[in-house]
Amino acid sequence: MRSVAMVTGAQRGIGFGISQVLAHRGFSVVLCDLDKSALEEAGQTLPDSHTEVLDVADFAAVQVVVERIEKTWGPIAVLVNNAGINRDHMIHKMNEEDWDAVVAVNLKGQFNCMRQVIPYMRARQAGRIINISSASWLGNVGQANYAAAKAGVIGLTKTAARELARLHITVNAICPGFIDTPMTRRMPPDAFEAMMEKIPMGRIGTPEDVGRVVAFLASEDAAYVTGEVINVGGGMVL
Ligand code: NAI
């Protein structure tokens, strides 16, 4: 039987790239995201995959969906917390809603999923959790809400790694650099070009570049790696 991997924010972009790589490495992937038809379209292209409509910011909904995945599709071996949004403004122009929404999805959303999945992993004394942070956690102009949430993800990851190490559950974070997705394609052309110039490898990353590192962290090869923060950015953060 294939091991189950739950991937949030999976209907497009990096989450879909991660789902593709995991599916082709033999996982049964449960794609979780907001839009039923976009999810189903994405899932159709992946062997042995399933879909769940899920808003990760909704604590009660996460509980229901995690229970359903465990009962219907089998034990969650891998949780990939990827769902994320950005609402960029300078701090002096950022409103309360922009702050709350970004923290609710990017930070609380990861806690919500870990809170529900970890009891199952603890009972089995096995599991892999991979949290998607961002190079922006180090600070980025116009992204106070996003950077604070993504820095929070690092603290959450390292705390969970310490709590779960003795139970053979690993928890790691990945910081993508600049990856070609709908999120980055929405940027104004001059900002897009400025980001490209920061990449020593000279090319934008692909969702699969991130997916392959997720697959490594989910594999037996990474059994002794926990609490790490891995940049996947073509040298953007050195
Ligand atoms: P994207 O905007 O293309 O895709 C994000 C996905 O998350 C979408 O399918 C969206 O529907 C879903 N989503 C949003 N809110 C949700 C919620 N409340 N519940 C469930 N799903 C939700 O973004 P992209 O670029 O694929 O980003 C994926 C992750 O990677 C995010 O956490 C982002 O912060 C992070 N990241 C992206 C970088 C990039 O260069 N694209 C760089 C660094 C980090």
# chains A, B, ... in the order shown; residues from 1 in each chain; ligands from 1
>>> residues_around(residues="stretch 189-195 of chain A", least_positions_apart="5", cutoff="12 Å", atoms="only C-alpha atoms", output="MDAnalysis selection string")
chainID A and resid 135:136 140:142 177:181 183:184 200 202:205 233 236
>>> write_last_selection(atoms="N, CA and C atoms", output="compact mmCIF listing (two decimals), in the first residue's frame")
# COMPACT_ATOMS: atom_id res chain seq x y z
N ALA A 135 12.37 32.52 2.04
CA ALA A 135 13.58 33.33 2.23
C ALA A 135 13.23 34.67 2.87
N SER A 136 11.97 35.10 2.72
CA SER A 136 11.53 36.38 3.29
C SER A 136 11.50 36.38 4.81
N ASN A 140 11.87 41.39 4.59
CA ASN A 140 11.76 41.85 3.20
C ASN A 140 10.84 43.07 3.16
N VAL A 141 11.30 44.12 2.52
CA VAL A 141 10.52 45.37 2.47
C VAL A 141 9.12 45.10 1.90
N GLY A 142 8.10 45.56 2.60
CA GLY A 142 6.72 45.41 2.14
C GLY A 142 6.07 44.11 2.58
N GLY A 177 13.27 30.22 -2.55
CA GLY A 177 13.75 31.56 -2.89
C GLY A 177 12.74 32.26 -3.76
N PHE A 178 12.94 32.20 -5.08
CA PHE A 178 12.01 32.85 -6.02
C PHE A 178 11.58 31.78 -7.02
N ILE A 179 10.32 31.38 -6.91
CA ILE A 179 9.83 30.21 -7.64
C ILE A 179 8.72 30.66 -8.59
N ASP A 180 8.70 30.05 -9.76
CA ASP A 180 7.75 30.43 -10.82
C ASP A 180 6.36 29.86 -10.52
N THR A 181 5.50 30.69 -9.96
CA THR A 181 4.13 30.27 -9.60
C THR A 181 3.18 31.45 -9.82
N MET A 183 1.75 33.08 -7.64
CA MET A 183 2.04 34.11 -6.63
C MET A 183 3.10 35.08 -7.14
N THR A 184 4.18 34.58 -7.75
CA THR A 184 5.26 35.47 -8.20
C THR A 184 4.93 36.11 -9.55
N PRO A 200 21.93 33.92 -7.80
CA PRO A 200 23.23 33.58 -8.39
C PRO A 200 23.15 32.55 -9.52
N GLY A 202 20.94 32.36 -11.71
CA GLY A 202 20.48 33.04 -12.92
C GLY A 202 19.19 32.52 -13.51
N ARG A 203 18.49 31.66 -12.79
CA ARG A 203 17.17 31.23 -13.30
C ARG A 203 16.18 31.19 -12.14
N ILE A 204 14.92 31.38 -12.48
CA ILE A 204 13.86 31.25 -11.48
C ILE A 204 13.71 29.77 -11.12
N GLY A 205 13.31 29.50 -9.86
CA GLY A 205 13.12 28.10 -9.46
C GLY A 205 11.80 27.56 -9.99
N GLY A 233 16.89 27.98 -3.31
CA GLY A 233 16.77 29.28 -3.97
C GLY A 233 17.87 29.59 -4.95
N MET A 236 20.17 32.18 -3.59
CA MET A 236 19.65 33.52 -3.26
C MET A 236 20.00 33.94 -1.84
>>> select_by_dssp(residues="stretch 78-220 of chain A", states="alpha helix (DSSP H)", output="PDB file with N, CA and C atoms, in the first residue's frame")
ATOM      1  N   GLU A  96      -5.218  46.085   9.372  1.00  0.00           N
ATOM      2  CA  GLU A  96      -5.348  44.961  10.297  1.00  0.00           C
ATOM      3  C   GLU A  96      -5.733  43.676   9.571  1.00  0.00           C
ATOM      4  N   GLU A  97      -6.609  43.799   8.578  1.00  0.00           N
ATOM      5  CA  GLU A  97      -7.054  42.600   7.840  1.00  0.00           C
ATOM      6  C   GLU A  97      -5.895  41.948   7.102  1.00  0.00           C
ATOM      7  N   ASP A  98      -5.016  42.775   6.508  1.00  0.00           N
ATOM      8  CA  ASP A  98      -3.859  42.215   5.779  1.00  0.00           C
ATOM      9  C   ASP A  98      -2.948  41.451   6.743  1.00  0.00           C
ATOM     10  N   TRP A  99      -2.750  42.021   7.916  1.00  0.00           N
ATOM     11  CA  TRP A  99      -1.918  41.343   8.922  1.00  0.00           C
ATOM     12  C   TRP A  99      -2.567  40.024   9.346  1.00  0.00           C
ATOM     13  N   ASP A 100      -3.841  40.115   9.748  1.00  0.00           N
ATOM     14  CA  ASP A 100      -4.514  38.939  10.312  1.00  0.00           C
ATOM     15  C   ASP A 100      -4.642  37.810   9.291  1.00  0.00           C
ATOM     16  N   ALA A 101      -4.970  38.162   8.044  1.00  0.00           N
ATOM     17  CA  ALA A 101      -5.189  37.111   7.041  1.00  0.00           C
ATOM     18  C   ALA A 101      -3.901  36.345   6.764  1.00  0.00           C
ATOM     19  N   VAL A 102      -2.802  37.063   6.646  1.00  0.00           N
ATOM     20  CA  VAL A 102      -1.530  36.406   6.307  1.00  0.00           C
ATOM     21  C   VAL A 102      -1.046  35.536   7.474  1.00  0.00           C
ATOM     22  N   VAL A 103      -1.189  36.042   8.683  1.00  0.00           N
ATOM     23  CA  VAL A 103      -0.772  35.239   9.840  1.00  0.00           C
ATOM     24  C   VAL A 103      -1.700  34.032  10.011  1.00  0.00           C
ATOM     25  N   GLY A 109      -2.316  28.380  10.150  1.00  0.00           N
ATOM     26  CA  GLY A 109      -2.697  27.251   9.300  1.00  0.00           C
ATOM     27  C   GLY A 109      -1.747  26.063   9.481  1.00  0.00           C
ATOM     28  N   GLN A 110      -0.469  26.360   9.614  1.00  0.00           N
ATOM     29  CA  GLN A 110       0.503  25.265   9.805  1.00  0.00           C
ATOM     30  C   GLN A 110       0.319  24.644  11.186  1.00  0.00           C
ATOM     31  N   PHE A 111       0.100  25.498  12.222  1.00  0.00           N
ATOM     32  CA  PHE A 111      -0.183  24.958  13.560  1.00  0.00           C
ATOM     33  C   PHE A 111      -1.428  24.081  13.517  1.00  0.00           C
ATOM     34  N   ASN A 112      -2.494  24.579  12.878  1.00  0.00           N
ATOM     35  CA  ASN A 112      -3.757  23.825  12.852  1.00  0.00           C
ATOM     36  C   ASN A 112      -3.553  22.412  12.300  1.00  0.00           C
ATOM     37  N   CYS A 113      -2.810  22.309  11.194  1.00  0.00           N
ATOM     38  CA  CYS A 113      -2.608  20.987  10.584  1.00  0.00           C
ATOM     39  C   CYS A 113      -1.715  20.118  11.464  1.00  0.00           C
ATOM     40  N   MET A 114      -0.660  20.718  12.024  1.00  0.00           N
ATOM     41  CA  MET A 114       0.221  19.931  12.903  1.00  0.00           C
ATOM     42  C   MET A 114      -0.540  19.468  14.143  1.00  0.00           C
ATOM     43  N   ARG A 115      -1.389  20.352  14.676  1.00  0.00           N
ATOM     44  CA  ARG A 115      -2.138  20.025  15.905  1.00  0.00           C
ATOM     45  C   ARG A 115      -2.997  18.777  15.708  1.00  0.00           C
ATOM     46  N   GLN A 116      -3.562  18.622  14.511  1.00  0.00           N
ATOM     47  CA  GLN A 116      -4.441  17.472  14.250  1.00  0.00           C
ATOM     48  C   GLN A 116      -3.686  16.228  13.810  1.00  0.00           C
ATOM     49  N   VAL A 117      -2.587  16.410  13.084  1.00  0.00           N
ATOM     50  CA  VAL A 117      -1.875  15.244  12.530  1.00  0.00           C
ATOM     51  C   VAL A 117      -0.922  14.634  13.572  1.00  0.00           C
ATOM     52  N   ILE A 118      -0.315  15.486  14.402  1.00  0.00           N
ATOM     53  CA  ILE A 118       0.716  14.991  15.325  1.00  0.00           C
ATOM     54  C   ILE A 118       0.203  13.900  16.289  1.00  0.00           C
ATOM     55  N   PRO A 119      -1.016  13.996  16.856  1.00  0.00           N
ATOM     56  CA  PRO A 119      -1.442  12.904  17.738  1.00  0.00           C
ATOM     57  C   PRO A 119      -1.422  11.534  17.034  1.00  0.00           C
ATOM     58  N   TYR A 120      -1.826  11.495  15.761  1.00  0.00           N
ATOM     59  CA  TYR A 120      -1.774  10.230  15.010  1.00  0.00           C
ATOM     60  C   TYR A 120      -0.325   9.779  14.829  1.00  0.00           C
ATOM     61  N   MET A 121       0.557  10.725  14.476  1.00  0.00           N
ATOM     62  CA  MET A 121       1.972  10.362  14.267  1.00  0.00           C
ATOM     63  C   MET A 121       2.604   9.916  15.584  1.00  0.00           C
ATOM     64  N   ARG A 122       2.259  10.577  16.674  1.00  0.00           N
ATOM     65  CA  ARG A 122       2.798  10.188  17.994  1.00  0.00           C
ATOM     66  C   ARG A 122       2.394   8.752  18.315  1.00  0.00           C
ATOM     67  N   ALA A 123       1.138   8.414  18.062  1.00  0.00           N
ATOM     68  CA  ALA A 123       0.647   7.069  18.381  1.00  0.00           C
ATOM     69  C   ALA A 123       1.398   6.014  17.574  1.00  0.00           C
ATOM     70  N   ARG A 124       1.794   6.382  16.362  1.00  0.00           N
ATOM     71  CA  ARG A 124       2.503   5.424  15.493  1.00  0.00           C
ATOM     72  C   ARG A 124       4.020   5.505  15.651  1.00  0.00           C
ATOM     73  N   ALA A 144       6.009  42.735   6.019  1.00  0.00           N
ATOM     74  CA  ALA A 144       6.093  42.549   7.479  1.00  0.00           C
ATOM     75  C   ALA A 144       5.203  41.398   7.949  1.00  0.00           C
ATOM     76  N   ASN A 145       3.975  41.359   7.433  1.00  0.00           N
ATOM     77  CA  ASN A 145       3.049  40.291   7.853  1.00  0.00           C
ATOM     78  C   ASN A 145       3.569  38.917   7.406  1.00  0.00           C
ATOM     79  N   TYR A 146       3.990  38.847   6.163  1.00  0.00           N
ATOM     80  CA  TYR A 146       4.449  37.582   5.566  1.00  0.00           C
ATOM     81  C   TYR A 146       5.757  37.116   6.225  1.00  0.00           C
ATOM     82  N   ALA A 147       6.711  38.054   6.382  1.00  0.00           N
ATOM     83  CA  ALA A 147       7.999  37.692   6.980  1.00  0.00           C
ATOM     84  C   ALA A 147       7.819  37.246   8.427  1.00  0.00           C
ATOM     85  N   ALA A 148       6.938  37.942   9.164  1.00  0.00           N
ATOM     86  CA  ALA A 148       6.707  37.566  10.564  1.00  0.00           C
ATOM     87  C   ALA A 148       6.081  36.173  10.636  1.00  0.00           C
ATOM     88  N   ALA A 149       5.125  35.886   9.759  1.00  0.00           N
ATOM     89  CA  ALA A 149       4.497  34.560   9.753  1.00  0.00           C
ATOM     90  C   ALA A 149       5.515  33.487   9.368  1.00  0.00           C
ATOM     91  N   LYS A 150       6.341  33.778   8.358  1.00  0.00           N
ATOM     92  CA  LYS A 150       7.313  32.781   7.888  1.00  0.00           C
ATOM     93  C   LYS A 150       8.442  32.573   8.899  1.00  0.00           C
ATOM     94  N   ALA A 151       8.807  33.631   9.665  1.00  0.00           N
ATOM     95  CA  ALA A 151       9.764  33.461  10.760  1.00  0.00           C
ATOM     96  C   ALA A 151       9.118  32.633  11.867  1.00  0.00           C
ATOM     97  N   GLY A 152       7.825  32.851  12.107  1.00  0.00           N
ATOM     98  CA  GLY A 152       7.090  32.045  13.079  1.00  0.00           C
ATOM     99  C   GLY A 152       7.109  30.565  12.713  1.00  0.00           C
ATOM    100  N   VAL A 153       7.037  30.288  11.427  1.00  0.00           N
ATOM    101  CA  VAL A 153       7.084  28.892  10.955  1.00  0.00           C
ATOM    102  C   VAL A 153       8.411  28.228  11.367  1.00  0.00           C
ATOM    103  N   ILE A 154       9.491  28.995  11.348  1.00  0.00           N
ATOM    104  CA  ILE A 154      10.798  28.422  11.735  1.00  0.00           C
ATOM    105  C   ILE A 154      10.765  28.057  13.231  1.00  0.00           C
ATOM    106  N   GLY A 155      10.230  28.947  14.060  1.00  0.00           N
ATOM    107  CA  GLY A 155      10.131  28.652  15.496  1.00  0.00           C
ATOM    108  C   GLY A 155       9.227  27.465  15.769  1.00  0.00           C
ATOM    109  N   LEU A 156       8.120  27.417  15.041  1.00  0.00           N
ATOM    110  CA  LEU A 156       7.181  26.295  15.171  1.00  0.00           C
ATOM    111  C   LEU A 156       7.866  24.985  14.773  1.00  0.00           C
ATOM    112  N   THR A 157       8.601  25.027  13.677  1.00  0.00           N
ATOM    113  CA  THR A 157       9.284  23.832  13.163  1.00  0.00           C
ATOM    114  C   THR A 157      10.316  23.323  14.168  1.00  0.00           C
ATOM    115  N   LYS A 158      11.137  24.218  14.677  1.00  0.00           N
ATOM    116  CA  LYS A 158      12.216  23.798  15.582  1.00  0.00           C
ATOM    117  C   LYS A 158      11.659  23.296  16.919  1.00  0.00           C
ATOM    118  N   THR A 159      10.560  23.901  17.370  1.00  0.00           N
ATOM    119  CA  THR A 159       9.931  23.432  18.612  1.00  0.00           C
ATOM    120  C   THR A 159       9.348  22.033  18.414  1.00  0.00           C
ATOM    121  N   ALA A 160       8.626  21.848  17.319  1.00  0.00           N
ATOM    122  CA  ALA A 160       8.032  20.536  17.042  1.00  0.00           C
ATOM    123  C   ALA A 160       9.127  19.485  16.859  1.00  0.00           C
ATOM    124  N   ALA A 161      10.235  19.870  16.219  1.00  0.00           N
ATOM    125  CA  ALA A 161      11.341  18.919  16.026  1.00  0.00           C
ATOM    126  C   ALA A 161      11.861  18.441  17.378  1.00  0.00           C
ATOM    127  N   ARG A 162      12.020  19.376  18.316  1.00  0.00           N
ATOM    128  CA  ARG A 162      12.496  18.984  19.655  1.00  0.00           C
ATOM    129  C   ARG A 162      11.471  18.103  20.367  1.00  0.00           C
ATOM    130  N   GLU A 163      10.191  18.455  20.253  1.00  0.00           N
ATOM    131  CA  GLU A 163       9.154  17.683  20.955  1.00  0.00           C
ATOM    132  C   GLU A 163       9.022  16.261  20.414  1.00  0.00           C
ATOM    133  N   LEU A 164       9.324  16.081  19.125  1.00  0.00           N
ATOM    134  CA  LEU A 164       8.967  14.816  18.462  1.00  0.00           C
ATOM    135  C   LEU A 164      10.156  13.932  18.103  1.00  0.00           C
ATOM    136  N   PRO A 182       1.866  31.199  -9.734  1.00  0.00           N
ATOM    137  CA  PRO A 182       0.925  32.323  -9.839  1.00  0.00           C
ATOM    138  C   PRO A 182       1.227  33.438  -8.834  1.00  0.00           C
ATOM    139  N   MET A 183       1.747  33.077  -7.637  1.00  0.00           N
ATOM    140  CA  MET A 183       2.045  34.107  -6.627  1.00  0.00           C
ATOM    141  C   MET A 183       3.102  35.084  -7.137  1.00  0.00           C
ATOM    142  N   THR A 184       4.177  34.582  -7.746  1.00  0.00           N
ATOM    143  CA  THR A 184       5.257  35.468  -8.201  1.00  0.00           C
ATOM    144  C   THR A 184       4.926  36.108  -9.546  1.00  0.00           C
ATOM    145  N   ARG A 185       4.101  35.443 -10.354  1.00  0.00           N
ATOM    146  CA  ARG A 185       3.730  36.024 -11.663  1.00  0.00           C
ATOM    147  C   ARG A 185       2.791  37.225 -11.505  1.00  0.00           C
ATOM    148  N   PRO A 189       6.306  43.926 -13.215  1.00  0.00           N
ATOM    149  CA  PRO A 189       7.477  43.471 -13.966  1.00  0.00           C
ATOM    150  C   PRO A 189       8.814  43.958 -13.400  1.00  0.00           C
ATOM    151  N   ASP A 190       8.868  45.210 -12.910  1.00  0.00           N
ATOM    152  CA  ASP A 190      10.159  45.698 -12.393  1.00  0.00           C
ATOM    153  C   ASP A 190      10.558  44.967 -11.110  1.00  0.00           C
ATOM    154  N   ALA A 191       9.598  44.660 -10.247  1.00  0.00           N
ATOM    155  CA  ALA A 191       9.892  43.916  -9.009  1.00  0.00           C
ATOM    156  C   ALA A 191      10.329  42.484  -9.355  1.00  0.00           C
ATOM    157  N   PHE A 192       9.678  41.905 -10.375  1.00  0.00           N
ATOM    158  CA  PHE A 192      10.024  40.546 -10.820  1.00  0.00           C
ATOM    159  C   PHE A 192      11.485  40.522 -11.288  1.00  0.00           C
ATOM    160  N   GLU A 193      11.865  41.492 -12.106  1.00  0.00           N
ATOM    161  CA  GLU A 193      13.242  41.562 -12.635  1.00  0.00           C
ATOM    162  C   GLU A 193      14.252  41.775 -11.503  1.00  0.00           C
ATOM    163  N   ALA A 194      13.880  42.616 -10.522  1.00  0.00           N
ATOM    164  CA  ALA A 194      14.791  42.878  -9.391  1.00  0.00           C
ATOM    165  C   ALA A 194      15.048  41.588  -8.614  1.00  0.00           C
ATOM    166  N   MET A 195      14.023  40.768  -8.464  1.00  0.00           N
ATOM    167  CA  MET A 195      14.195  39.476  -7.768  1.00  0.00           C
ATOM    168  C   MET A 195      15.099  38.548  -8.581  1.00  0.00           C
ATOM    169  N   MET A 196      14.908  38.523  -9.890  1.00  0.00           N
ATOM    170  CA  MET A 196      15.716  37.649 -10.748  1.00  0.00           C
ATOM    171  C   MET A 196      17.204  37.970 -10.606  1.00  0.00           C
ATOM    172  N   PRO A 207       8.474  24.768  -9.247  1.00  0.00           N
ATOM    173  CA  PRO A 207       7.828  24.051  -8.138  1.00  0.00           C
ATOM    174  C   PRO A 207       8.468  22.678  -7.893  1.00  0.00           C
ATOM    175  N   GLU A 208       8.933  22.040  -8.963  1.00  0.00           N
ATOM    176  CA  GLU A 208       9.556  20.716  -8.803  1.00  0.00           C
ATOM    177  C   GLU A 208      10.901  20.810  -8.087  1.00  0.00           C
ATOM    178  N   ASP A 209      11.618  21.956  -8.248  1.00  0.00           N
ATOM    179  CA  ASP A 209      12.872  22.141  -7.492  1.00  0.00           C
ATOM    180  C   ASP A 209      12.581  22.018  -5.993  1.00  0.00           C
ATOM    181  N   VAL A 210      11.457  22.596  -5.566  1.00  0.00           N
ATOM    182  CA  VAL A 210      11.066  22.497  -4.151  1.00  0.00           C
ATOM    183  C   VAL A 210      10.571  21.078  -3.852  1.00  0.00           C
ATOM    184  N   GLY A 211       9.786  20.532  -4.776  1.00  0.00           N
ATOM    185  CA  GLY A 211       9.211  19.196  -4.578  1.00  0.00           C
ATOM    186  C   GLY A 211      10.256  18.121  -4.353  1.00  0.00           C
ATOM    187  N   ARG A 212      11.372  18.224  -5.071  1.00  0.00           N
ATOM    188  CA  ARG A 212      12.409  17.184  -4.920  1.00  0.00           C
ATOM    189  C   ARG A 212      13.077  17.241  -3.542  1.00  0.00           C
ATOM    190  N   VAL A 213      13.181  18.438  -2.963  1.00  0.00           N
ATOM    191  CA  VAL A 213      13.757  18.541  -1.612  1.00  0.00           C
ATOM    192  C   VAL A 213      12.743  18.033  -0.579  1.00  0.00           C
ATOM    193  N   VAL A 214      11.473  18.308  -0.816  1.00  0.00           N
ATOM    194  CA  VAL A 214      10.431  17.730   0.050  1.00  0.00           C
ATOM    195  C   VAL A 214      10.520  16.200  -0.001  1.00  0.00           C
ATOM    196  N   ALA A 215      10.668  15.651  -1.211  1.00  0.00           N
ATOM    197  CA  ALA A 215      10.729  14.189  -1.361  1.00  0.00           C
ATOM    198  C   ALA A 215      11.927  13.625  -0.609  1.00  0.00           C
ATOM    199  N   PHE A 216      13.055  14.331  -0.643  1.00  0.00           N
ATOM    200  CA  PHE A 216      14.228  13.883   0.127  1.00  0.00           C
ATOM    201  C   PHE A 216      13.892  13.854   1.623  1.00  0.00           C
ATOM    202  N   LEU A 217      13.310  14.953   2.127  1.00  0.00           N
ATOM    203  CA  LEU A 217      13.004  15.020   3.564  1.00  0.00           C
ATOM    204  C   LEU A 217      11.969  13.968   3.968  1.00  0.00           C
ATOM    205  N   ALA A 218      11.138  13.567   3.018  1.00  0.00           N
ATOM    206  CA  ALA A 218      10.120  12.549   3.301  1.00  0.00           C
ATOM    207  C   ALA A 218      10.683  11.134   3.165  1.00  0.00           C
TER     208      ALA A 218
END
>>> closest_atom_pairs(of="chain A", to="ligand 1", cutoff="6 Å", atoms="only C-alpha atoms and all ligand atoms", output="JSON lines")
{"residue": "A:Thr8", "atom": "CA", "partner": "ligand 1", "partner_atom_place_in_ligand_line": "21 (N)", "distance": 5.8}
{"residue": "A:Gly9", "atom": "CA", "partner": "ligand 1", "partner_atom_place_in_ligand_line": "7 (O)", "distance": 3.4}
{"residue": "A:Ala10", "atom": "CA", "partner": "ligand 1", "partner_atom_place_in_ligand_line": "9 (O)", "distance": 5.6}
{"residue": "A:Gln11", "atom": "CA", "partner": "ligand 1", "partner_atom_place_in_ligand_line": "9 (O)", "distance": 4.6}
{"residue": "A:Arg12", "atom": "CA", "partner": "ligand 1", "partner_atom_place_in_ligand_line": "9 (O)", "distance": 4.7}
{"residue": "A:Gly13", "atom": "CA", "partner": "ligand 1", "partner_atom_place_in_ligand_line": "26 (O)", "distance": 3.5}
{"residue": "A:Ile14", "atom": "CA", "partner": "ligand 1", "partner_atom_place_in_ligand_line": "26 (O)", "distance": 3.8}
{"residue": "A:Gly15", "atom": "CA", "partner": "ligand 1", "partner_atom_place_in_ligand_line": "26 (O)", "distance": 5.7}
{"residue": "A:Asp33", "atom": "CA", "partner": "ligand 1", "partner_atom_place_in_ligand_line": "21 (N)", "distance": 4.0}
{"residue": "A:Leu34", "atom": "CA", "partner": "ligand 1", "partner_atom_place_in_ligand_line": "20 (C)", "distance": 5.2}
{"residue": "A:Leu54", "atom": "CA", "partner": "ligand 1", "partner_atom_place_in_ligand_line": "20 (C)", "distance": 5.5}
{"residue": "A:Asp55", "atom": "CA", "partner": "ligand 1", "partner_atom_place_in_ligand_line": "19 (N)", "distance": 3.5}
{"residue": "A:Val56", "atom": "CA", "partner": "ligand 1", "partner_atom_place_in_ligand_line": "19 (N)", "distance": 4.1}
{"residue": "A:Ala57", "atom": "CA", "partner": "ligand 1", "partner_atom_place_in_ligand_line": "18 (N)", "distance": 5.2}
{"residue": "A:Asn82", "atom": "CA", "partner": "ligand 1", "partner_atom_place_in_ligand_line": "32 (O)", "distance": 4.6}
{"residue": "A:Ala83", "atom": "CA", "partner": "ligand 1", "partner_atom_place_in_ligand_line": "7 (O)", "distance": 3.9}
{"residue": "A:Gly84", "atom": "CA", "partner": "ligand 1", "partner_atom_place_in_ligand_line": "32 (O)", "distance": 3.5}
{"residue": "A:Ile85", "atom": "CA", "partner": "ligand 1", "partner_atom_place_in_ligand_line": "14 (C)", "distance": 5.4}
{"residue": "A:Val105", "atom": "CA", "partner": "ligand 1", "partner_atom_place_in_ligand_line": "18 (N)", "distance": 5.0}
{"residue": "A:Ile132", "atom": "CA", "partner": "ligand 1", "partner_atom_place_in_ligand_line": "32 (O)", "distance": 5.5}
{"residue": "A:Ser133", "atom": "CA", "partner": "ligand 1", "partner_atom_place_in_ligand_line": "44 (C)", "distance": 5.7}
{"residue": "A:Ser134", "atom": "CA", "partner": "ligand 1", "partner_atom_place_in_ligand_line": "43 (C)", "distance": 3.9}
{"residue": "A:Ala135", "atom": "CA", "partner": "ligand 1", "partner_atom_place_in_ligand_line": "43 (C)", "distance": 5.9}
{"residue": "A:Cys175", "atom": "CA", "partner": "ligand 1", "partner_atom_place_in_ligand_line": "43 (C)", "distance": 5.9}
{"residue": "A:Pro176", "atom": "CA", "partner": "ligand 1", "partner_atom_place_in_ligand_line": "43 (C)", "distance": 4.2}
{"residue": "A:Gly177", "atom": "CA", "partner": "ligand 1", "partner_atom_place_in_ligand_line": "42 (C)", "distance": 4.9}
{"residue": "A:Phe178", "atom": "CA", "partner": "ligand 1", "partner_atom_place_in_ligand_line": "40 (O)", "distance": 3.6}
{"residue": "A:Ile179", "atom": "CA", "partner": "ligand 1", "partner_atom_place_in_ligand_line": "40 (O)", "distance": 3.6}
{"residue": "A:Asp180", "atom": "CA", "partner": "ligand 1", "partner_atom_place_in_ligand_line": "41 (N)", "distance": 5.8}
{"residue": "A:Thr181", "atom": "CA", "partner": "ligand 1", "partner_atom_place_in_ligand_line": "25 (O)", "distance": 4.7}
{"residue": "A:Pro182", "atom": "CA", "partner": "ligand 1", "partner_atom_place_in_ligand_line": "3 (O)", "distance": 4.1}
{"residue": "A:Met183", "atom": "CA", "partner": "ligand 1", "partner_atom_place_in_ligand_line": "2 (O)", "distance": 4.2}
{"residue": "A:Thr184", "atom": "CA", "partner": "ligand 1", "partner_atom_place_in_ligand_line": "41 (N)", "distance": 5.3}
>>> select_by_dssp(residues="stretch 64-102 of chain A", states="strand (DSSP E)", output="list in words")
Ile76, Ala77, Val78, Leu79, Val80 and Asn81 of chain A
>>> write_last_selection(atoms="C-alpha atoms", output="short mmCIF file (atom, residue, chain, number, x, y, z; two decimals), in the first residue's frame")
data_model
loop_
_atom_site.label_atom_id
_atom_site.label_comp_id
_atom_site.auth_asym_id
_atom_site.auth_seq_id
_atom_site.Cartn_x
_atom_site.Cartn_y
_atom_site.Cartn_z
CA ILE A 76 -0.82 10.21 7.18
CA ALA A 77 2.89 9.44 6.84
CA VAL A 78 3.87 12.88 5.54
CA LEU A 79 2.35 16.32 6.18
CA VAL A 80 3.47 19.16 3.90
CA ASN A 81 2.32 22.57 5.18
#
>>> closest_residue(among="A:Gly127, A:Gly139, A:Pro47, A:Pro188", to="A:Arg2", atoms="only C-alpha atoms")
A:Pro47
>>> closest_residue(among="A:Glu52, A:Ala222, A:Gln143, A:Leu167", to="A:Ile91", atoms="only C-alpha atoms")
A:Gln143
>>> atom_distance(atom1="atom CA of A:Asp221", atom2="atom CA of A:Ser19")
19.1 Å
>>> atom_distance(atom1="atom CA of A:Val7", atom2="atom CA of A:Val237")
25.4 Å
>>> atom_distance(atom1="atom CA of A:Tyr224", atom2="atom CA of A:Met201")
28.9 Å
>>> residues_around(residues="A:Glu228", least_positions_apart="2", cutoff="10 Å", atoms="only C-alpha atoms", output="list in words")
Ile130, Ile154, Thr157, Lys158, Ala161, Thr170, Val171, Asn172, Ala173, Ile174, Val225, Thr226, Ile230 and Asn231 of chain A
>>> write_last_selection(atoms="C-alpha atoms", output="mmCIF file, in the first residue's frame")
data_model
loop_
_atom_site.group_PDB
_atom_site.id
_atom_site.type_symbol
_atom_site.label_atom_id
_atom_site.label_comp_id
_atom_site.auth_asym_id
_atom_site.auth_seq_id
_atom_site.Cartn_x
_atom_site.Cartn_y
_atom_site.Cartn_z
ATOM 1 C CA ILE A 130 7.736 19.549 6.128
ATOM 2 C CA ILE A 154 10.798 28.422 11.735
ATOM 3 C CA THR A 157 9.284 23.832 13.163
ATOM 4 C CA LYS A 158 12.216 23.798 15.582
ATOM 5 C CA ALA A 161 11.341 18.919 16.026
ATOM 6 C CA THR A 170 11.083 14.594 11.886
ATOM 7 C CA VAL A 171 10.052 18.201 11.329
ATOM 8 C CA ASN A 172 11.928 20.421 8.879
ATOM 9 C CA ALA A 173 11.364 23.713 7.081
ATOM 10 C CA ILE A 174 12.107 24.650 3.492
ATOM 11 C CA VAL A 225 17.596 15.128 9.725
ATOM 12 C CA THR A 226 15.282 17.187 11.935
ATOM 13 C CA ILE A 230 16.841 24.334 4.017
ATOM 14 C CA ASN A 231 17.053 27.104 1.432
#
>>> closest_residue(among="A:Val53, A:Ala5, A:Ala126, A:Val21", to="A:Thr206", atoms="only C-alpha atoms")
A:Val21
>>> closest_residue(among="A:Phe16, A:Phe59, A:Met187, A:Val65", to="A:Glu40", atoms="only C-alpha atoms")
A:Phe16
>>> closest_residue(among="A:Arg128, A:His92, A:His50, A:Lys36", to="A:Ser219", atoms="only C-alpha atoms")
A:Arg128
